[in-house]
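The structure appears right after this line, and notes come after that.
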Amino acid sequence: MERLVAVFSLVMSLYWAYTGWNEYGFWENRGPGAGFIPVLAGIFTAALSAYIIYRSEKLDWNTLKLPAFYPALAVFAGLLSMNIIGLVAFTFILTTAWLKFMARYTLRRSCLIGLGMTCFVFLVFELWLDVPLPAGILGI
Amino acid sequence: MENIALLIQGFSVALSLDNLLAATGGAILGILIGAMPGVGALTGVSLLLPLVFKTDPTTGIIFLAGIYYGNMYGGSYSAILINVPGDSPAIMSCLDGYQLTGQGKAGKALFTSNFASFLGSSVGIILLTIIGPALAEVGLQFGPVEITSLIILALSSIGWMLGDDPLKGLVSTGIGVLIATIGVDLALGQKRFTFGSLDLLSGLNFISLVIGMFGFAQVMVLMTSKKETMTATVKKLTIRESLLTWPEIKKILPVIFRGSILGNFVGVLPGAGATTASFLSYMMEKRIGKNRENMGKGALEGVAAAESADNAAAAGSFAPLLALGIPGSATSAVLLGGLMMWGLRPGPLLFKENPEFVWGLIASMYVGNLICIGVGFAMIPFLINLLKIPIVVMNPIVMIICIVGAFSVNNSMFDVWLMLGSGVIAYFFIISNYPVAPLLLAFILTPRLETATRQSFDISGGNPLIFIQKPISLVLLVITALFMIAPLAMKFWQKNSSEKSCRL
C-alpha cells in the first residue's frame with residue numbers, strides 16, 4: 001500500500017507546485033508570493049514520493065480488509081441522511097444498530113446503551129455547551 | 001524577593017472563598033472540557049467568558065485561567081484511552097499513551113500524564129513568579145526572522161523523528177504543509193486550492209483533521225484487530241498497578257524537568273503555543289533521551305515529555321500576556337479580551353497599578369494546579385474502568401464522539417465530512433506505515449511559517465541573507481543543518497565501520 005499513498009502524494013504535490021508557480025506566483029514585489037510555500041513544499045514532496053514509488057513493491061490489495069470500511073460507510077450513510085433524521089436520532093440509531101448487528105447484543109441491551117449515549121450527547125453538547133446539533137424533520 | 005512578598009499577598013486574595021471556588025470550578029470544568037474531543041481550551045474559555053462578565057475581575061480571570069490549565073490536564077485522557085486527543089497539544093500524548101493502553105498500562109500512562117502536567121505547570125508558574133516579566137522581554141527577541149528559523153528547525157526534524165522510515169515521515173510532513181495552504185492567503189487576499197468551495201475559503205479545520213486522523217482512523221484499524229478490549233490486560237488494571245514505581249519516577253523526572261523548561265520558554269514566544277511546545281519537547285527527548293529507542297512504542301518518557309511541556313507552555317503564555325499585553329496563544333488572546341472587558345490594560349503598568357489582580361491570579365494558579373492533580377488522580381479509577389468496555393461497544397461510541405466533536409468546532413457539517421475523509425486517508429497511511437503525526441504538526445506550523453517568512457522578507461526588502469545575519473536565527477539554522485546531516489552521517493559512518501569489520 002505504500003506505493004498507493006506515494007502516488008497520491010506525488011500527484012497532489014505536483015498539482016500544488018504547478019498551480020503555485022503558474023497561478024499564484026512564486027515571488028512578487030521583492031517577497032514570497034502566494035505560491036511560494038506550495039511550490040517549495042510541492043517539489044520537495046514530489047521528489048520524495050517519486051523515490052518511494054521507485055523503491056516500493058507492487059501494490060498488494062490483500063492488505064485492505066472490507067470490515068475496516070464499515071465505520072466509514074455507516075457514518076457516510078448517516079451524514080447523507082442527517083437533514084432527515086438529525087444528529088441526536090442518528091446517535092441512537094447508529095449505536096443501537098451497531099450493537100445489535102455487529103456485537104450481537106440483544107435488542108433491549110442495544111437500545112439501553114444507545115439511549116444512554118444519546119442522552120450523553122444531548123445533555124452535554126446541546127444543553128450544556130450550547131452546540132446547535134443538526135436537527136432532522138422531527139425537530140430533534 | 002519583592003516578587004515573593006507580593007505572591008504571599010496574592011495568596012490572601014486567591015484563598016478567599018469566592019476565588020477558591022472559582023479556581024476549583026474552573027479547574028474541574030477545564031479537565032472535563034479538555035477530555036472532550038473538539039471542544040478544547042479556546043472554545044471552553046470563549047463559551048464560558050460570558051458567565052463571568054459581571055463578576056469581580058480577579059475572580060473572573062481566576063475562573064478562566066482554571067479552565068485553561070485544567071484543559072491541558074484533560075486533553076491527554078482521551079488521547080491515552082481512545083487515541084482521540086481532546087485538544088491539539090495532546091497529539092503527542094497519543095503516540096506513547098495509546099500504545100501504553102494497548103499494553104495494559106493505561107493507569108501508568110494516566111498517572112504519568114497527571115504527574116508530568118502537575119510538575120510542568122509548577123515549573124511554569126514558579127518561573128512566571130520569579131522571572132515572568134524578564135522572560136516576556138526575552139520572548140520579544142524572537143521576531144519573524146527567528147520564528148521562521150525555529151519553525152524550519154521543527155519542520156525539518158519532525159519527519160526524521162517520528163515513525164520508522166524517515167522518508168515516509170518527510171512525505172507526511174510535506175503533505176501537511178501542502179494542505180495547510182488551502183484557503184484564502186490572508187496576507188495577499190488570494191484564494192488558494194479552494195476548488196470553488198466556499199467551505200474551503202477559511203482552510204481545513206485542524207481539530208477535525210486531528211479527530212479524523214487519530215480517532216476515526218483508529219476505529220477503522222480496530223475493526224480488523226483481534227483484540228477484544230482496548231487494553232491487553234483488563235483484569236490486572238488496578239490503582240496500585242497504576243502508581244509509578246520509584247525507578248519509573250526517577251526515569252521520568254529529568255524528562256519532565258527538560259520538558260518544563262523548554263515548554264515554558266516556547267509558551268512565552270508569541271504565537272508558538274502549547275502544541276508547538278509539546279512536540280518540540282517530544283522531539284528533543286527522542287533525540288537525547290536515554291529511552292529514545294522505545295519512544296513511540298509505549299514509553300512513559302513520551303507522555304512525560306509532551307505533558308510537562310504543554311502545561312509549562314500554558315503557564316508561560318501568561319508572562320507576555322500580563323507583562324506586555326501580548327497573547328502567547330489563541331486562548332490567551334481570548335483571556336486578553338476578558339481583561340480588556342473588565343477595563344484592565346495588560347502591560348508593564350498592570351503589575352504596578354493592579355498588583356492585587358496580577359499576584360492574586362498567579363497565586364490562584366498554584367492553588368488550581370493542586371486542585372487539578374487531585375481531581376486528575378481521583379479520576380484514574382473511573383477512567384481505567386472505561387477500558388473494560390469491549391471494542392465492539394467502544395467503536396460506535398468513539399464514532400459518535402468523532403462526529404459530534406468535529407461538528408462542535410464550527411457547528412458545521414463540512415467539518416464532519418472533513419473528519420470522515422481525513423480518517424479514511426489516515427487509515428491508508430497507517431496500513432502503509434506512514435506516520436500521521438508529522439502531517440498534523442506541519443499543518444499547524446505552516447501558517448505561522450508563511451506569515452513569519454513574509455514579514456522577514458518585508459523587513460529585509462527581499463534579501464534572504466537576513467536569516468543568517470541575526471545571531472539567534474543563525475544558531476537555529478546551524479542546528480537545523482546538523483539535525484538534517486547527523487542521521488545521514490551516522491548511517492554513512494555505521495556502514496563504513498561495518499564494512500571495515502567485515503574485511504577484518
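By convention here, the chains of the C-alpha cells are called A, B, ... in the order presented, each chain's residues are numbered starting at 1, and ligands are numbered starting at 1 in the order presented.
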Determine, for each residue of chain A having at least one atom at most 6 Å from an atom of chain B, the closest pair of atoms and their separation in Å to one decimal, counting only C-alpha atoms; order by chain and ascending number, as a Markdown table.
| residue | atom | partner | partner_atom | distance |
| --- | --- | --- | --- | --- |
| A:Met1 | CA | B:Ser432 | CA | 5.2 |
| A:Glu2 | CA | B:Ser432 | CA | 4.7 |
| A:Arg30 | CA | B:Gly462 | CA | 4.6 |
| A:Gly31 | CA | B:Gly462 | CA | 5.2 |
| A:Pro38 | CA | B:Leu178 | CA | 5.9 |
| A:Ala41 | CA | B:Gly174 | CA | 5.8 |
| A:Thr45 | CA | B:Gly174 | CA | 5.2 |
| A:Ala68 | CA | B:Met220 | CA | 4.6 |
| A:Thr95 | CA | B:Pro396 | CA | 5.5 |
| A:Ala103 | CA | B:Val392 | CA | 5.8 |
List the neighbours of Asn22 of chain A out to 12 Å using only C-alpha atoms; skip same-chain residues closer than 4 positions along the sequence, and give me the result as a PDB file with C-alpha atoms, in the first residue's frame.
ATOM      1  CA  TYR A  15      -0.511  19.820  -8.782  1.00  0.00           C
ATOM      2  CA  TRP A  16       0.278  22.104  -5.851  1.00  0.00           C
ATOM      3  CA  ALA A  17       3.691  23.059  -7.247  1.00  0.00           C
ATOM      4  CA  TYR A  18       2.330  23.625 -10.789  1.00  0.00           C
ATOM      5  CA  PHE A  26       6.301  32.322  -6.548  1.00  0.00           C
ATOM      6  CA  TRP A  27       7.957  35.707  -5.945  1.00  0.00           C
ATOM      7  CA  GLY A  33       4.041  35.264  -3.457  1.00  0.00           C
ATOM      8  CA  ALA A  34       1.016  33.131  -2.603  1.00  0.00           C
ATOM      9  CA  GLY A  35       2.639  30.221  -4.434  1.00  0.00           C
ATOM     10  CA  PHE A  36       5.949  30.328  -2.550  1.00  0.00           C
ATOM     11  CA  PRO A  38       3.137  25.415  -2.303  1.00  0.00           C
ATOM     12  CA  VAL A  39       5.951  25.381  -4.894  1.00  0.00           C
TER      13      VAL A  39
END
## Note on the structure
The distance between atom CA of Gly66 of chain B and atom CA of Ala23 of chain B is 5.4 Å
### Task
Write out as a count of residues only all residues of chain A that backbone DSSP assigns to helix (DSSP H, G or I).
103
### Message
Please compute the atom CA of Val84 of chain B-atom CA of Ser197 of chain B distance, one decimal, in Å.
### Response
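Calculated distance between atom CA of Val84 of chain B and atom CA of Ser197 of chain B is 28.1 Å.
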### Message
Taking the DSSP secondary structure from the backbone, can you list the residues of chain A that are strand (DSSP E or B), as JSON, numbers by chain?
### Response
{"A": [27, 28, 31, 32, 135]}
